[in-house]
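Undergrad: First the structure, which I've put down as structure tokens, then a few questions once you've had a look.
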Amino acid sequence: MRGLGILMIAVGASVIFAALMMDVTVSAGMDRVNNLGLMADRQNYTFIGGVLLIAGLLMAMLGRRHRPASVDVTGSGTRPCPFCAETIKLAAIKCKHCGADIDAVKAPRLKNGWVASVPCRDSEEQDRVRDAISALDLPTVPMIGLAIGAGPFETKDEAKQALAVLRNEPRLFSEVVYRDSVSGKYPPITD
């Protein structure tokens with residue numbers, strides 16, 4: 001819809017420009033006089049160009065605004081396009097089927113999964129570890145006691161990669177554990 005709006009702006013501006021450049025005079029012997037028919041045509045073209053320009057501006061400004069579609073995430077990583085209803089990825093910002101610009105949907109955070117857990121001695125160390133994990137752009141999650149984890153991740157391999165990053169960069173000792181949400185051992189994850 002935005003593309004059509006931009007096209008209408010260009011056409012409207014062109015029609016207005018052409019109407020204003022129109023010669024509305026005719027020769028009458030030695031002089032030139034205004035022709036009422038040509039003046040009326042110029043007025044009509046200016047009005048039509050103005051309507052196209054205003055409609056194009058509205059379409060271009062409001063073309064991207066839409067209500068986000070309700071996303072039913074079933075773990076497939078896809079959702080329907082809000083414009084054409086074809087299946088697209090959650091992170092898509094442009095529909096591959098209809099070409100519409102859409103807002104990306106952030107995948108929901110896991111409530112349980114594999115975690116690279118770092119044990120801490122006190123709350124000060126816990127804060128330092130949390131800041132170090134966040135600085136590496138890894139999600140943080142509270143574990144049992146004072147421990148802080150990087151995760152949860154869907155697969156054990158992802159948690160092992162986070163463990164390797166934690167051991168290399170800030171030199172934090174960690175272990176890979178599975179953090180569940182049913183045993184009651186772990187505090188709940190807030191979004």
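To be explicit about the labels: the chains of the structure tokens are called A, B, and onward in the order shown, and within each one the residues are counted from 1, while ligands get numbers from 1 in the order they are shown.
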Can you pull out every residue from segment 4-93 of chain A that DSSP, working from the backbone, puts in helix (DSSP H, G or I), and format the result as an MDAnalysis selection string?
TA: chainID A and resid 4:20 36:62
Undergrad: Selected residues, N, CA and C atoms, written as a compact mmCIF listing (two decimals), in the first residue's frame, please.
TA:
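For reference, part-v2.txt as written:
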```
# COMPACT_ATOMS: atom_id res chain seq x y z
N LEU A 4 2.04 2.08 -3.61
CA LEU A 4 0.99 2.71 -4.39
C LEU A 4 0.82 4.17 -3.97
N GLY A 5 0.95 4.46 -2.68
CA GLY A 5 0.86 5.83 -2.20
C GLY A 5 1.96 6.70 -2.77
N ILE A 6 3.18 6.18 -2.80
CA ILE A 6 4.31 6.95 -3.35
C ILE A 6 4.11 7.19 -4.85
N LEU A 7 3.59 6.19 -5.56
CA LEU A 7 3.29 6.36 -6.98
C LEU A 7 2.23 7.44 -7.18
N MET A 8 1.20 7.45 -6.35
CA MET A 8 0.14 8.47 -6.46
C MET A 8 0.68 9.86 -6.15
N ILE A 9 1.62 9.98 -5.22
CA ILE A 9 2.24 11.28 -4.93
C ILE A 9 2.97 11.78 -6.17
N ALA A 10 3.74 10.92 -6.80
CA ALA A 10 4.50 11.31 -7.99
C ALA A 10 3.57 11.72 -9.13
N VAL A 11 2.51 10.93 -9.37
CA VAL A 11 1.57 11.25 -10.44
C VAL A 11 0.83 12.55 -10.14
N GLY A 12 0.38 12.71 -8.89
CA GLY A 12 -0.33 13.93 -8.51
C GLY A 12 0.52 15.17 -8.66
N ALA A 13 1.78 15.09 -8.22
CA ALA A 13 2.68 16.24 -8.35
C ALA A 13 2.96 16.54 -9.82
N SER A 14 3.09 15.51 -10.64
CA SER A 14 3.32 15.71 -12.08
C SER A 14 2.12 16.37 -12.74
N VAL A 15 0.92 15.94 -12.40
CA VAL A 15 -0.29 16.52 -12.98
C VAL A 15 -0.43 17.99 -12.57
N ILE A 16 -0.16 18.29 -11.31
CA ILE A 16 -0.24 19.69 -10.85
C ILE A 16 0.80 20.54 -11.58
N PHE A 17 2.02 20.04 -11.70
CA PHE A 17 3.08 20.79 -12.39
C PHE A 17 2.68 21.04 -13.85
N ALA A 18 2.18 20.02 -14.53
CA ALA A 18 1.78 20.17 -15.94
C ALA A 18 0.62 21.15 -16.07
N ALA A 19 -0.32 21.12 -15.13
CA ALA A 19 -1.46 22.04 -15.18
C ALA A 19 -1.01 23.48 -14.99
N LEU A 20 -0.07 23.70 -14.08
CA LEU A 20 0.40 25.06 -13.84
C LEU A 20 1.24 25.59 -14.99
N LEU A 36 -11.41 30.71 -21.81
CA LEU A 36 -12.12 30.19 -20.63
C LEU A 36 -12.12 28.66 -20.59
N GLY A 37 -12.17 28.01 -21.72
CA GLY A 37 -12.16 26.55 -21.76
C GLY A 37 -10.82 25.99 -21.29
N LEU A 38 -9.71 26.60 -21.74
CA LEU A 38 -8.38 26.16 -21.30
C LEU A 38 -8.16 26.46 -19.81
N MET A 39 -8.70 27.59 -19.35
CA MET A 39 -8.59 27.93 -17.92
C MET A 39 -9.34 26.90 -17.06
N ALA A 40 -10.51 26.46 -17.55
CA ALA A 40 -11.29 25.45 -16.82
C ALA A 40 -10.55 24.12 -16.80
N ASP A 41 -9.91 23.77 -17.95
CA ASP A 41 -9.13 22.53 -17.99
C ASP A 41 -7.98 22.57 -16.99
N ARG A 42 -7.27 23.71 -16.93
CA ARG A 42 -6.16 23.84 -15.98
C ARG A 42 -6.67 23.69 -14.55
N GLN A 43 -7.83 24.29 -14.26
CA GLN A 43 -8.40 24.18 -12.92
C GLN A 43 -8.76 22.72 -12.60
N ASN A 44 -9.33 22.02 -13.55
CA ASN A 44 -9.69 20.60 -13.33
C ASN A 44 -8.45 19.74 -13.10
N TYR A 45 -7.41 19.94 -13.92
CA TYR A 45 -6.18 19.17 -13.77
C TYR A 45 -5.50 19.45 -12.43
N THR A 46 -5.52 20.71 -12.00
CA THR A 46 -4.93 21.06 -10.71
C THR A 46 -5.71 20.38 -9.59
N PHE A 47 -7.03 20.37 -9.68
CA PHE A 47 -7.85 19.72 -8.65
C PHE A 47 -7.59 18.20 -8.63
N ILE A 48 -7.57 17.58 -9.79
CA ILE A 48 -7.33 16.13 -9.86
C ILE A 48 -5.94 15.79 -9.31
N GLY A 49 -4.92 16.57 -9.69
CA GLY A 49 -3.57 16.34 -9.18
C GLY A 49 -3.50 16.52 -7.68
N GLY A 50 -4.21 17.50 -7.14
CA GLY A 50 -4.23 17.72 -5.68
C GLY A 50 -4.87 16.56 -4.95
N VAL A 51 -5.96 16.03 -5.49
CA VAL A 51 -6.62 14.88 -4.86
C VAL A 51 -5.69 13.66 -4.88
N LEU A 52 -5.03 13.42 -6.01
CA LEU A 52 -4.09 12.30 -6.09
C LEU A 52 -2.93 12.48 -5.10
N LEU A 53 -2.43 13.71 -4.99
CA LEU A 53 -1.32 13.99 -4.09
C LEU A 53 -1.72 13.75 -2.64
N ILE A 54 -2.88 14.24 -2.24
CA ILE A 54 -3.34 14.06 -0.85
C ILE A 54 -3.62 12.59 -0.56
N ALA A 55 -4.27 11.90 -1.49
CA ALA A 55 -4.55 10.47 -1.28
C ALA A 55 -3.25 9.67 -1.20
N GLY A 56 -2.28 10.02 -2.04
CA GLY A 56 -0.99 9.34 -2.00
C GLY A 56 -0.26 9.58 -0.70
N LEU A 57 -0.31 10.82 -0.20
CA LEU A 57 0.32 11.12 1.10
C LEU A 57 -0.31 10.30 2.22
N LEU A 58 -1.63 10.22 2.23
CA LEU A 58 -2.31 9.43 3.26
C LEU A 58 -1.96 7.95 3.17
N MET A 59 -1.92 7.43 1.95
CA MET A 59 -1.58 6.01 1.79
C MET A 59 -0.13 5.74 2.20
N ALA A 60 0.77 6.66 1.87
CA ALA A 60 2.18 6.45 2.21
C ALA A 60 2.39 6.55 3.72
N MET A 61 1.70 7.47 4.39
CA MET A 61 1.89 7.63 5.83
C MET A 61 1.20 6.53 6.63
N LEU A 62 0.04 6.11 6.20
CA LEU A 62 -0.73 5.14 6.97
C LEU A 62 -0.61 3.73 6.43
```
Undergrad: Can you tell me which residues surround Gly113 of chain A at a distance of at most 8 Å, considering only C-alpha atoms, apart from same-chain residues fewer than 2 positions away, and format the answer as a PDB file with N, CA, C and O atoms, in the first residue's frame?
TA:
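That gives us around_17.pdb:
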```
ATOM      1  N   LEU A 110      11.887 -19.188  26.223  1.00  0.00           N
ATOM      2  CA  LEU A 110      11.658 -20.531  26.755  1.00  0.00           C
ATOM      3  C   LEU A 110      11.479 -20.469  28.266  1.00  0.00           C
ATOM      4  O   LEU A 110      12.142 -19.685  28.941  1.00  0.00           O
ATOM      5  N   LYS A 111      10.633 -21.295  28.799  1.00  0.00           N
ATOM      6  CA  LYS A 111      10.433 -21.360  30.249  1.00  0.00           C
ATOM      7  C   LYS A 111      11.307 -22.447  30.873  1.00  0.00           C
ATOM      8  O   LYS A 111      11.530 -22.455  32.064  1.00  0.00           O
ATOM      9  N   VAL A 115      20.829 -24.935  30.188  1.00  0.00           N
ATOM     10  CA  VAL A 115      21.422 -23.712  30.730  1.00  0.00           C
ATOM     11  C   VAL A 115      22.892 -23.952  31.046  1.00  0.00           C
ATOM     12  O   VAL A 115      23.263 -25.012  31.548  1.00  0.00           O
ATOM     13  N   GLY A 151      20.887 -18.780  29.452  1.00  0.00           N
ATOM     14  CA  GLY A 151      19.892 -19.618  28.792  1.00  0.00           C
ATOM     15  C   GLY A 151      18.494 -19.242  29.230  1.00  0.00           C
ATOM     16  O   GLY A 151      18.286 -18.138  29.696  1.00  0.00           O
ATOM     17  N   PRO A 152      17.557 -20.114  29.158  1.00  0.00           N
ATOM     18  CA  PRO A 152      17.605 -21.485  28.675  1.00  0.00           C
ATOM     19  C   PRO A 152      17.637 -21.553  27.148  1.00  0.00           C
ATOM     20  O   PRO A 152      17.126 -20.695  26.467  1.00  0.00           O
ATOM     21  N   PHE A 153      18.267 -22.630  26.664  1.00  0.00           N
ATOM     22  CA  PHE A 153      18.369 -22.885  25.241  1.00  0.00           C
ATOM     23  C   PHE A 153      17.581 -24.140  24.901  1.00  0.00           C
ATOM     24  O   PHE A 153      17.391 -25.024  25.737  1.00  0.00           O
ATOM     25  N   GLU A 154      17.169 -24.220  23.651  1.00  0.00           N
ATOM     26  CA  GLU A 154      16.354 -25.341  23.206  1.00  0.00           C
ATOM     27  C   GLU A 154      17.160 -26.637  23.127  1.00  0.00           C
ATOM     28  O   GLU A 154      16.652 -27.710  23.443  1.00  0.00           O
ATOM     29  N   THR A 155      18.425 -26.529  22.727  1.00  0.00           N
ATOM     30  CA  THR A 155      19.233 -27.738  22.582  1.00  0.00           C
ATOM     31  C   THR A 155      20.440 -27.691  23.515  1.00  0.00           C
ATOM     32  O   THR A 155      20.897 -26.620  23.923  1.00  0.00           O
ATOM     33  N   TYR A 178      19.960 -29.045  32.842  1.00  0.00           N
ATOM     34  CA  TYR A 178      18.623 -28.848  32.288  1.00  0.00           C
ATOM     35  C   TYR A 178      17.774 -28.167  33.346  1.00  0.00           C
ATOM     36  O   TYR A 178      17.621 -28.659  34.457  1.00  0.00           O
ATOM     37  N   ARG A 179      17.200 -27.033  33.006  1.00  0.00           N
ATOM     38  CA  ARG A 179      16.367 -26.260  33.931  1.00  0.00           C
ATOM     39  C   ARG A 179      14.916 -26.530  33.560  1.00  0.00           C
ATOM     40  O   ARG A 179      14.452 -26.128  32.508  1.00  0.00           O
ATOM     41  N   ASP A 180      14.210 -27.201  34.451  1.00  0.00           N
ATOM     42  CA  ASP A 180      12.807 -27.496  34.180  1.00  0.00           C
ATOM     43  C   ASP A 180      11.910 -26.504  34.910  1.00  0.00           C
ATOM     44  O   ASP A 180      12.360 -25.720  35.731  1.00  0.00           O
TER      45      ASP A 180
END
```
Undergrad: What lies within 10 Å of Gly145 of chain A using only C-alpha atoms, ignoring chain neighbours under 5 positions off, as a ChimeraX atom specification?
TA: /A:119-122,185-187
Undergrad: Create the file for the chosen residues now, containing all heavy atoms and written as a short mmCIF file (atom, residue, chain, number, x, y, z; two decimals), in the first residue's frame.
TA:
```
data_model
loop_
_atom_site.label_atom_id
_atom_site.label_comp_id
_atom_site.auth_asym_id
_atom_site.auth_seq_id
_atom_site.Cartn_x
_atom_site.Cartn_y
_atom_site.Cartn_z
N PRO A 119 28.05 -21.06 39.21
CA PRO A 119 27.84 -20.91 40.66
C PRO A 119 28.48 -19.62 41.17
O PRO A 119 29.53 -19.20 40.70
CB PRO A 119 28.53 -22.14 41.25
CG PRO A 119 29.52 -22.55 40.22
CD PRO A 119 28.99 -22.12 38.90
N CYS A 120 27.83 -18.96 42.13
CA CYS A 120 28.34 -17.71 42.71
C CYS A 120 28.41 -17.86 44.24
O CYS A 120 27.59 -18.54 44.84
CB CYS A 120 27.42 -16.55 42.36
SG CYS A 120 27.23 -16.29 40.59
N ARG A 121 29.40 -17.16 44.86
CA ARG A 121 29.59 -17.24 46.31
C ARG A 121 28.69 -16.26 47.07
O ARG A 121 28.23 -16.55 48.15
CB ARG A 121 31.04 -16.97 46.67
CG ARG A 121 31.92 -18.18 46.42
CD ARG A 121 33.35 -17.86 46.67
NE ARG A 121 33.92 -17.74 45.33
CZ ARG A 121 34.88 -16.95 44.95
NH1 ARG A 121 35.45 -16.16 45.80
NH2 ARG A 121 35.30 -16.92 43.72
N ASP A 122 28.50 -15.07 46.51
CA ASP A 122 27.69 -14.07 47.20
C ASP A 122 26.93 -13.23 46.17
O ASP A 122 27.07 -13.42 44.96
CB ASP A 122 28.57 -13.18 48.10
CG ASP A 122 29.71 -12.51 47.37
OD1 ASP A 122 29.64 -12.39 46.12
OD2 ASP A 122 30.67 -12.11 48.04
N LYS A 185 12.37 -26.62 41.80
CA LYS A 185 13.71 -26.29 42.30
C LYS A 185 14.14 -24.89 41.84
O LYS A 185 14.93 -24.24 42.51
CB LYS A 185 14.75 -27.30 41.80
CG LYS A 185 14.55 -28.70 42.32
CD LYS A 185 15.74 -29.59 42.00
CE LYS A 185 15.92 -29.76 40.52
NZ LYS A 185 16.96 -30.73 40.17
N TYR A 186 13.65 -24.43 40.72
CA TYR A 186 14.13 -23.19 40.11
C TYR A 186 13.09 -22.08 40.26
O TYR A 186 11.89 -22.34 40.17
CB TYR A 186 14.43 -23.41 38.63
CG TYR A 186 15.43 -24.50 38.38
CD1 TYR A 186 15.03 -25.75 37.96
CD2 TYR A 186 16.78 -24.26 38.58
CE1 TYR A 186 15.95 -26.76 37.74
CE2 TYR A 186 17.72 -25.26 38.36
CZ TYR A 186 17.29 -26.50 37.94
OH TYR A 186 18.21 -27.49 37.73
N PRO A 187 13.54 -20.84 40.46
CA PRO A 187 12.58 -19.73 40.51
C PRO A 187 11.95 -19.52 39.13
O PRO A 187 12.58 -19.81 38.12
CB PRO A 187 13.44 -18.52 40.93
CG PRO A 187 14.85 -18.92 40.68
CD PRO A 187 14.92 -20.40 40.70
#
```
